[in-house]
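Have a look at start-v3.cif; it's mmCIF, C-alpha atoms:
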```cif
data_model
loop_
_atom_site.label_atom_id
_atom_site.label_comp_id
_atom_site.auth_asym_id
_atom_site.auth_seq_id
_atom_site.Cartn_x
_atom_site.Cartn_y
_atom_site.Cartn_z
CA MET W 1 25.45 -28.30 8.64
CA THR W 2 21.92 -28.93 7.35
CA GLN W 3 18.87 -28.07 9.41
CA THR W 4 15.25 -29.09 9.30
CA THR W 5 12.32 -26.73 9.55
CA GLN W 6 11.71 -27.99 13.10
CA GLU W 7 15.29 -27.24 14.14
CA LEU W 8 15.19 -23.77 12.64
CA LEU W 9 11.86 -23.08 14.32
CA SER W 10 13.26 -24.16 17.69
CA TRP W 11 16.30 -21.94 17.20
CA GLY W 12 14.10 -18.94 16.43
CA LEU W 13 11.94 -19.57 19.48
CA ASP W 14 15.04 -19.76 21.70
CA GLN W 15 16.08 -16.35 20.37
CA LEU W 16 12.75 -14.55 20.73
CA LYS W 17 11.13 -16.05 23.82
CA PRO W 18 13.40 -14.30 26.35
CA VAL W 19 12.43 -10.97 24.77
CA LEU W 20 8.79 -11.50 23.73
CA GLY W 21 7.55 -14.17 26.11
CA ASP W 22 4.52 -16.19 25.03
CA GLY W 23 4.02 -14.06 21.91
CA ALA W 24 7.28 -15.40 20.48
CA ARG W 25 5.77 -18.65 19.21
CA THR W 26 3.30 -16.99 16.85
CA ASP W 27 5.90 -14.53 15.59
CA VAL W 28 8.49 -17.24 14.91
CA ARG W 29 6.01 -19.36 12.99
CA SER W 30 4.82 -16.37 10.96
CA LEU W 31 8.35 -15.33 10.06
CA LEU W 32 9.49 -18.82 9.12
CA ALA W 33 6.40 -19.54 7.04
CA HIS W 34 6.86 -16.25 5.20
CA THR W 35 10.53 -17.01 4.60
CA MET W 36 9.62 -20.42 3.19
CA GLY W 37 6.85 -18.96 1.03
CA ILE W 38 4.04 -20.97 2.58
CA GLU W 39 0.98 -20.26 4.71
CA ARG W 40 1.59 -20.42 8.46
CA GLY W 41 -1.03 -23.14 8.80
CA MET W 42 0.97 -25.33 6.43
CA LEU W 43 4.19 -25.13 8.45
CA SER W 44 3.47 -28.31 10.44
CA LEU W 45 3.51 -30.32 7.21
CA HIS W 46 7.11 -29.33 6.52
CA MET W 47 8.76 -29.86 9.92
CA ARG W 48 11.05 -32.65 8.69
CA ASP W 49 12.05 -30.85 5.50
CA THR W 50 15.63 -29.71 5.14
CA VAL W 51 15.80 -25.94 4.69
CA THR W 52 17.98 -24.27 2.08
CA LEU W 53 20.84 -21.96 2.98
CA ASP W 54 18.88 -19.00 1.55
CA VAL W 55 15.89 -19.75 3.79
CA LYS W 56 18.13 -20.13 6.82
CA GLU W 57 19.94 -16.83 6.23
CA THR W 58 16.76 -14.91 5.45
CA PHE W 59 15.06 -16.30 8.56
CA GLN W 60 18.03 -15.41 10.74
CA LYS W 61 17.88 -11.86 9.41
CA ALA W 62 14.14 -11.71 10.17
CA ILE W 63 14.74 -12.90 13.73
CA ALA W 64 17.40 -10.21 14.16
CA GLN W 65 14.91 -7.60 13.00
CA ARG W 66 12.28 -8.87 15.43
CA LEU W 67 14.82 -8.79 18.27
CA ARG W 68 15.13 -5.06 17.54
CA ARG W 69 11.35 -5.01 18.11
CA GLN W 70 10.45 -4.29 14.51
CA PRO W 71 6.84 -5.42 13.99
CA VAL W 72 6.24 -8.69 12.17
CA SER W 73 4.03 -6.92 9.63
CA GLN W 74 6.90 -4.66 8.61
CA ILE W 75 9.36 -7.55 8.36
CA ILE W 76 6.91 -9.53 6.24
CA GLY W 77 5.73 -6.38 4.50
CA ALA W 78 2.02 -7.07 4.81
CA ARG W 79 -0.94 -7.29 7.18
CA GLU W 80 -4.34 -8.93 6.82
CA PHE W 81 -7.27 -6.54 7.35
CA TRP W 82 -10.92 -7.47 6.80
CA GLY W 83 -9.82 -10.55 4.88
CA ARG W 84 -7.54 -8.66 2.51
CA ARG W 85 -3.78 -8.28 2.36
CA PHE W 86 -2.28 -4.78 2.65
CA LYS W 87 1.30 -3.77 2.02
CA ILE W 88 2.84 -2.31 5.19
CA THR W 89 6.06 -0.33 5.66
CA PRO W 90 7.41 1.94 8.42
CA ASP W 91 5.73 4.84 6.55
CA VAL W 92 2.20 3.75 7.54
CA LEU W 93 0.34 2.52 10.58
CA ASP W 94 -0.02 -1.21 11.02
CA PRO W 95 -3.79 -1.84 10.65
CA ARG W 96 -5.33 -3.05 13.91
CA PRO W 97 -8.28 -5.39 14.46
CA ASP W 98 -9.91 -2.56 16.45
CA THR W 99 -10.27 -0.57 13.23
CA GLU W 100 -12.33 -3.37 11.70
CA THR W 101 -15.09 -2.23 14.07
CA LEU W 102 -15.41 0.88 11.89
CA ILE W 103 -15.75 -1.22 8.75
CA GLU W 104 -18.35 -3.43 10.38
CA GLU W 105 -20.48 -0.46 11.44
CA VAL W 106 -20.35 1.24 8.04
CA LEU W 107 -21.41 -1.97 6.31
CA LYS W 108 -24.48 -2.23 8.53
CA GLY W 109 -25.87 0.86 6.80
CA LYS W 110 -26.98 1.65 3.28
CA ASP W 111 -24.70 1.68 0.25
CA VAL W 112 -22.71 4.86 -0.26
CA GLN W 113 -21.68 6.51 -3.49
CA ASN W 114 -18.65 8.57 -2.48
CA ILE W 115 -16.27 8.32 0.47
CA LEU W 116 -13.63 10.60 1.96
CA ASP W 117 -10.87 9.07 4.10
CA LEU W 118 -8.87 11.57 6.14
CA GLY W 119 -5.36 10.37 7.02
CA THR W 120 -5.60 7.26 4.91
CA GLY W 121 -2.20 5.72 5.75
CA SER W 122 -2.07 2.28 4.12
CA GLY W 123 -5.56 2.88 2.75
CA CYS W 124 -6.98 -0.03 4.73
CA ILE W 125 -10.25 1.76 5.59
CA ILE W 126 -11.26 3.35 2.30
CA LEU W 127 -9.91 0.56 0.09
CA THR W 128 -11.79 -2.04 2.12
CA LEU W 129 -14.98 0.00 1.82
CA LEU W 130 -14.52 0.48 -1.93
CA SER W 131 -13.99 -3.27 -2.24
CA GLU W 132 -17.29 -3.84 -0.42
CA PHE W 133 -19.28 -1.02 -2.08
CA LYS W 134 -18.72 -1.99 -5.70
CA ASN W 135 -20.22 1.20 -7.18
CA ALA W 136 -18.62 3.71 -4.83
CA ILE W 137 -15.81 6.13 -5.57
CA GLY W 138 -13.58 7.83 -3.04
CA VAL W 139 -10.87 10.27 -2.04
CA ALA W 140 -7.98 9.15 0.14
CA SER W 141 -6.03 11.99 1.74
CA ASP W 142 -2.88 12.07 3.81
CA LEU W 143 -0.25 14.61 4.73
CA SER W 144 2.49 12.04 4.00
CA ASP W 145 3.40 11.49 0.35
CA LYS W 146 5.12 8.25 1.36
CA ALA W 147 1.90 6.95 2.92
CA LEU W 148 -0.04 7.90 -0.20
CA ALA W 149 2.43 5.93 -2.33
CA ILE W 150 1.78 2.81 -0.22
CA ALA W 151 -1.98 3.36 -0.36
CA LYS W 152 -1.81 3.60 -4.17
CA GLN W 153 0.01 0.29 -4.35
CA ASN W 154 -2.64 -1.30 -2.14
CA ALA W 155 -5.41 0.16 -4.29
CA SER W 156 -3.82 -1.34 -7.38
CA ALA W 157 -3.42 -4.74 -5.73
CA LEU W 158 -7.07 -4.73 -4.66
CA GLY W 159 -8.33 -3.67 -8.09
CA VAL W 160 -9.91 -0.37 -7.01
CA LEU W 161 -7.29 2.11 -8.26
CA ASP W 162 -9.69 3.47 -10.88
CA ARG W 163 -12.25 4.39 -8.20
CA VAL W 164 -10.08 6.35 -5.76
CA LYS W 165 -8.29 9.68 -5.97
CA PHE W 166 -5.26 10.35 -3.77
CA ILE W 167 -4.71 13.85 -2.41
CA GLN W 168 -1.90 15.16 -0.23
CA SER W 169 -3.72 17.23 2.34
CA ASN W 170 -3.60 18.35 5.94
CA TRP W 171 -7.11 17.21 6.90
CA PHE W 172 -9.59 19.24 4.79
CA GLU W 173 -7.01 21.69 3.44
CA ASN W 174 -7.02 20.47 -0.19
CA ILE W 175 -10.38 18.68 -0.20
CA GLU W 176 -13.30 19.64 -2.43
CA GLY W 177 -16.90 18.46 -2.78
CA LYS W 178 -19.39 16.79 -0.47
CA TYR W 179 -19.50 13.15 0.58
CA ASP W 180 -21.96 10.49 1.65
CA LEU W 181 -19.38 9.17 4.08
CA ILE W 182 -16.33 10.56 5.84
CA VAL W 183 -14.08 8.12 7.71
CA SER W 184 -10.89 8.62 9.66
CA ASN W 185 -8.54 6.97 12.11
CA PRO W 186 -6.68 10.10 13.19
CA PRO W 187 -3.69 10.27 15.55
CA TYR W 188 -5.06 10.28 19.09
CA ILE W 189 -2.42 8.97 21.50
CA THR W 190 -1.38 11.57 24.08
CA ALA W 191 2.22 12.73 24.27
CA LYS W 192 2.48 11.24 27.77
CA THR W 193 1.16 7.84 26.68
CA MET W 194 3.62 7.68 23.78
CA GLY W 195 6.38 7.09 26.30
CA GLU W 196 4.53 4.09 27.72
CA ILE W 197 3.47 2.14 24.61
CA ALA W 198 5.22 -0.89 23.15
CA PRO W 199 8.47 -0.23 21.25
CA GLU W 200 6.99 -2.00 18.21
CA VAL W 201 4.62 0.96 17.93
CA ARG W 202 6.62 3.79 19.48
CA ASP W 203 9.88 3.16 17.64
CA TRP W 204 8.73 1.75 14.30
CA GLU W 205 5.46 3.38 13.25
CA PRO W 206 5.23 7.01 12.03
CA ARG W 207 4.82 9.26 15.07
CA ILE W 208 2.74 11.76 13.09
CA ALA W 209 0.12 9.03 12.53
CA LEU W 210 0.10 8.04 16.20
CA THR W 211 -0.04 11.27 18.15
CA PRO W 212 -0.84 14.95 17.62
CA GLU W 213 1.14 15.45 20.85
CA GLY W 214 -0.45 17.17 23.85
CA ASP W 215 -3.80 15.75 24.97
CA GLY W 216 -4.34 13.71 21.79
CA LEU W 217 -7.43 15.68 20.72
CA GLU W 218 -6.04 18.16 18.20
CA ALA W 219 -7.02 16.16 15.10
CA TYR W 220 -10.63 15.88 16.27
CA LYS W 221 -10.81 19.64 16.79
CA LEU W 222 -9.60 20.25 13.24
CA ILE W 223 -11.97 17.68 11.74
CA ALA W 224 -14.97 18.91 13.74
CA LYS W 225 -14.44 22.53 12.68
CA ASP W 226 -14.87 21.84 8.96
CA ALA W 227 -16.59 18.47 8.60
CA ALA W 228 -20.16 19.76 8.17
CA GLN W 229 -19.40 21.57 4.92
CA TYR W 230 -18.01 18.38 3.35
CA LEU W 231 -20.96 16.13 4.25
CA LYS W 232 -24.04 15.75 2.09
CA LYS W 233 -27.41 16.46 3.68
CA ASP W 234 -27.80 12.88 4.91
CA GLY W 235 -24.09 12.16 5.10
CA GLN W 236 -22.44 10.20 7.89
CA MET W 237 -19.06 10.21 9.57
CA PHE W 238 -17.23 7.43 11.43
CA LEU W 239 -14.12 8.18 13.48
CA GLU W 240 -11.87 5.93 15.51
CA ILE W 241 -11.01 7.17 19.01
CA GLY W 242 -8.93 6.12 21.98
CA TRP W 243 -10.77 3.96 24.51
CA ASP W 244 -11.03 6.81 27.03
CA GLN W 245 -11.80 9.71 24.66
CA ALA W 246 -15.50 9.31 23.82
CA GLU W 247 -16.83 12.00 26.15
CA SER W 248 -14.18 14.53 25.17
CA VAL W 249 -14.52 13.99 21.41
CA LEU W 250 -18.33 13.99 21.51
CA GLY W 251 -18.11 17.33 23.31
CA ILE W 252 -15.82 18.75 20.63
CA PHE W 253 -18.22 17.79 17.85
CA GLU W 254 -21.29 19.02 19.71
CA ARG W 255 -19.81 22.52 19.63
CA TYR W 256 -19.94 22.36 15.85
CA GLY W 257 -23.53 21.14 15.61
CA PHE W 258 -23.01 17.38 15.67
CA LEU W 259 -25.61 16.69 18.33
CA ASN W 260 -26.44 13.10 17.36
CA GLY W 261 -23.14 11.36 17.98
CA ARG W 262 -23.09 7.81 19.30
CA CYS W 263 -20.27 5.64 20.57
CA ILE W 264 -19.64 2.07 19.39
CA LYS W 265 -17.57 -0.42 21.35
CA ASP W 266 -14.97 -2.78 19.89
CA LEU W 267 -14.78 -6.54 20.45
CA ALA W 268 -13.02 -5.96 23.77
CA GLY W 269 -15.94 -3.87 24.99
CA LYS W 270 -13.98 -0.60 24.85
CA ASP W 271 -15.21 2.66 23.30
CA ARG W 272 -13.70 2.70 19.83
CA ILE W 273 -15.82 4.37 17.10
CA LEU W 274 -17.91 7.53 17.03
CA HIS W 275 -20.74 7.84 14.50
CA PHE W 276 -22.26 11.14 13.45
CA TYR W 277 -24.90 12.28 10.97
CA ALA W 278 -24.50 15.59 9.20
CA PRO W 279 -25.87 18.45 11.30
CA LYS W 280 -29.31 19.64 10.19
CA THR W 281 -27.84 22.98 9.19
CA ALA W 282 -25.23 21.39 6.92
#
```
Show the structure stored in the file as structure tokens.
Amino acid sequence: MTQTTQELLSWGLDQLKPVLGDGARTDVRSLLAHTMGIERGMLSLHMRDTVTLDVKETFQKAIAQRLRRQPVSQIIGAREFWGRRFKITPDVLDPRPDTETLIEEVLKGKDVQNILDLGTGSGCIILTLLSEFKNAIGVASDLSDKALAIAKQNASALGVLDRVKFIQSNWFENIEGKYDLIVSNPPYITAKTMGEIAPEVRDWEPRIALTPEGDGLEAYKLIAKDAAQYLKKDGQMFLEIGWDQAESVLGIFERYGFLNGRCIKDLAGKDRILHFYAPKTA
């Protein structure tokens, strides 16, 4: 029995809406457009088209994956971030719009020559910055070799592979040199909160990139302890934080001489990014 795009879309919505509610419509359209190889915005132009058996079977498989609460970005294999497309797998965090606040703040400042990204994951932060700062070079570090492999692929796709070095490292462990800019979106979700977050995150994204367990502050303590020696005299550091962590993290960094920290809010008005200059003694 042949089906049109409209009929297949309606079937997918009937499957997902009981599980996902109002969010089902966007997900169904995204998955069907991807399956058909077109932009989501073009889907309306093809509603009366008859779909092929391959499209139907691939879409049905995608809906089954989404019913298991696998994120759309992993099913599609990509996520848009700062206007660029990044490959995404279960080995890396799914880039969030909140993290674009970090990019926005960095770009408000002067050009930088070298960048260090701690816990790079997909590479969305450093690769975006290298794409914007055309003369910059950088180091992308991560404890996960699988994450580094994905970041390398993204660097190649974005045309910046020749300007970034990838290092497997537990924070500063294998890092050398000093940098104009250090950036990081470290794991900061508390162990308690992990049990309360959406299954798309809890069950499908790498736990090591989400939480350091405990109170969620361990990564900041490790970064704060050594950061000064890796920053140039006028170097800066931008870190993403949880919406309720600003006071705690600022306190951690103050103990290591970072007395000039400021907090930046995201588009929702929540504390999201901390900005530091290198301590005067660095």
### Task
Starting from the shown file, work through the PyMOL selection byres ((chain W and resi 142-156) around 8) and note down what comes out as a PyMOL selection string.
chain W and resi 86-89+91-92+118-124+127+140-141+157-161+164+166-171
### Query
What do you get, as a list of chain:residue names, if you spell out every residue that the PyMOL selection byres ((chain W and resi 270-281) around 7) selects here?
W:Leu102, W:Ala228, W:Leu231, W:Lys233, W:Asp234, W:Gly235, W:Gln236, W:Met237, W:Phe238, W:Leu239, W:Glu240, W:Ile241, W:Gly242, W:Trp243, W:Asp244, W:Ala246, W:Gly257, W:Phe258, W:Asn260, W:Gly261, W:Arg262, W:Cys263, W:Ile264, W:Lys265, W:Asp266, W:Ala268, W:Gly269, W:Ala282
### Query
Near segment 13-29 of chain W, within 9 Å and counting only C-alpha atoms, which residues show up once chain neighbours fewer than 6 positions away are dropped, as number ranges by chain?
W: 40, 43, 63-64, 66-67, 69, 72
#### Entry: Among listed residues W:Thr128, W:Thr4, W:Gln245, W:Thr190, nearest Glu80 of chain W (using only C-alpha atoms)
W:Thr128
### Task
List the residues matched by the PyMOL selection byres ((chain W and resi 49) around 10) in the displayed structure as a VMD selection string, ordered by chain and then by residue number.
chain W and resid 3 to 7 45 to 48 50 to 52
Could you write out that same residue set with C-alpha atoms as an mmCIF file, in the coordinates of the input?
```cif
data_model
loop_
_atom_site.group_PDB
_atom_site.id
_atom_site.type_symbol
_atom_site.label_atom_id
_atom_site.label_comp_id
_atom_site.auth_asym_id
_atom_site.auth_seq_id
_atom_site.Cartn_x
_atom_site.Cartn_y
_atom_site.Cartn_z
ATOM 1 C CA GLN W 3 18.870 -28.070 9.410
ATOM 2 C CA THR W 4 15.250 -29.090 9.300
ATOM 3 C CA THR W 5 12.320 -26.730 9.550
ATOM 4 C CA GLN W 6 11.710 -27.990 13.100
ATOM 5 C CA GLU W 7 15.290 -27.240 14.140
ATOM 6 C CA LEU W 45 3.510 -30.320 7.210
ATOM 7 C CA HIS W 46 7.110 -29.330 6.520
ATOM 8 C CA MET W 47 8.760 -29.860 9.920
ATOM 9 C CA ARG W 48 11.050 -32.650 8.690
ATOM 10 C CA THR W 50 15.630 -29.710 5.140
ATOM 11 C CA VAL W 51 15.800 -25.940 4.690
ATOM 12 C CA THR W 52 17.980 -24.270 2.080
#
```
### Coordinates-based distance that separates atom CA of Leu210 of chain W from atom CA of Thr193 of chain W (Å, one decimal)
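So the answer is 10.5 Å.
The space between atom CA of Arg202 of chain W and atom CA of Ala33 of chain W spans 26.4 Å.
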### Query
Which one is closest to Thr101 of chain W: W:Leu8, W:Ile125, W:Ile189, W:Met194? Count only C-alpha atoms.
W:Ile125
### Query
Which residues come within 8 Å of Trp204 of chain W, counting all atoms listed in the file, excluding same-chain residues fewer than 5 positions away, as a ChimeraX atom specification?
/W:70-71,90,199
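Taking atom CA of Pro212 of chain W and atom CA of Pro187 of chain W as the two end points, the separation is 5.9 Å.
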### Query
With distances taken over all atoms listed in the file, which of W:Thr35, W:Ser10, W:Ser131, W:Thr99 is nearest to Lys61 of chain W?
W:Thr35
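When only C-alpha atoms are used to compute distances to Ile75 of chain W, the closest of the residues W:Gln229, W:Asn135, W:Thr58, W:Thr211 turns out to be W:Thr58.
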Save N, CA, C and O atoms of segment 245-256 of chain W from the block above as an mmCIF file, in the first residue's frame.
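This is the output file decode_14.cif:
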```cif
data_model
loop_
_atom_site.group_PDB
_atom_site.id
_atom_site.type_symbol
_atom_site.label_atom_id
_atom_site.label_comp_id
_atom_site.auth_asym_id
_atom_site.auth_seq_id
_atom_site.Cartn_x
_atom_site.Cartn_y
_atom_site.Cartn_z
ATOM 1 N N GLN W 245 24.666 27.614 40.295
ATOM 2 C CA GLN W 245 26.014 27.346 40.795
ATOM 3 C C GLN W 245 26.937 28.559 40.835
ATOM 4 O O GLN W 245 28.085 28.445 41.267
ATOM 5 N N ALA W 246 26.483 29.714 40.393
ATOM 6 C CA ALA W 246 27.373 30.868 40.244
ATOM 7 C C ALA W 246 28.124 31.193 41.532
ATOM 8 O O ALA W 246 29.356 31.340 41.543
ATOM 9 N N GLU W 247 27.409 31.328 42.620
ATOM 10 C CA GLU W 247 28.039 31.716 43.885
ATOM 11 C C GLU W 247 29.083 30.689 44.325
ATOM 12 O O GLU W 247 30.201 31.042 44.730
ATOM 13 N N SER W 248 28.738 29.424 44.220
ATOM 14 C CA SER W 248 29.664 28.367 44.647
ATOM 15 C C SER W 248 30.923 28.342 43.789
ATOM 16 O O SER W 248 32.046 28.235 44.303
ATOM 17 N N VAL W 249 30.753 28.436 42.467
ATOM 18 C CA VAL W 249 31.908 28.344 41.572
ATOM 19 C C VAL W 249 32.771 29.602 41.670
ATOM 20 O O VAL W 249 34.006 29.521 41.660
ATOM 21 N N LEU W 250 32.159 30.760 41.788
ATOM 22 C CA LEU W 250 32.942 31.983 41.987
ATOM 23 C C LEU W 250 33.788 31.868 43.254
ATOM 24 O O LEU W 250 34.959 32.274 43.278
ATOM 25 N N GLY W 251 33.216 31.300 44.304
ATOM 26 C CA GLY W 251 33.955 31.110 45.544
ATOM 27 C C GLY W 251 35.141 30.186 45.375
ATOM 28 O O GLY W 251 36.226 30.428 45.937
ATOM 29 N N ILE W 252 34.964 29.119 44.608
ATOM 30 C CA ILE W 252 36.063 28.186 44.339
ATOM 31 C C ILE W 252 37.215 28.901 43.650
ATOM 32 O O ILE W 252 38.387 28.761 44.033
ATOM 33 N N PHE W 253 36.910 29.693 42.644
ATOM 34 C CA PHE W 253 37.962 30.359 41.875
ATOM 35 C C PHE W 253 38.612 31.504 42.649
ATOM 36 O O PHE W 253 39.806 31.777 42.476
ATOM 37 N N GLU W 254 37.860 32.148 43.509
ATOM 38 C CA GLU W 254 38.441 33.201 44.342
ATOM 39 C C GLU W 254 39.558 32.657 45.228
ATOM 40 O O GLU W 254 40.559 33.337 45.484
ATOM 41 N N ARG W 255 39.432 31.429 45.665
ATOM 42 C CA ARG W 255 40.460 30.827 46.523
ATOM 43 C C ARG W 255 41.776 30.620 45.781
ATOM 44 O O ARG W 255 42.831 30.441 46.409
ATOM 45 N N TYR W 256 41.713 30.660 44.461
ATOM 46 C CA TYR W 256 42.925 30.493 43.660
ATOM 47 C C TYR W 256 43.320 31.790 42.955
ATOM 48 O O TYR W 256 44.062 31.772 41.968
#
```
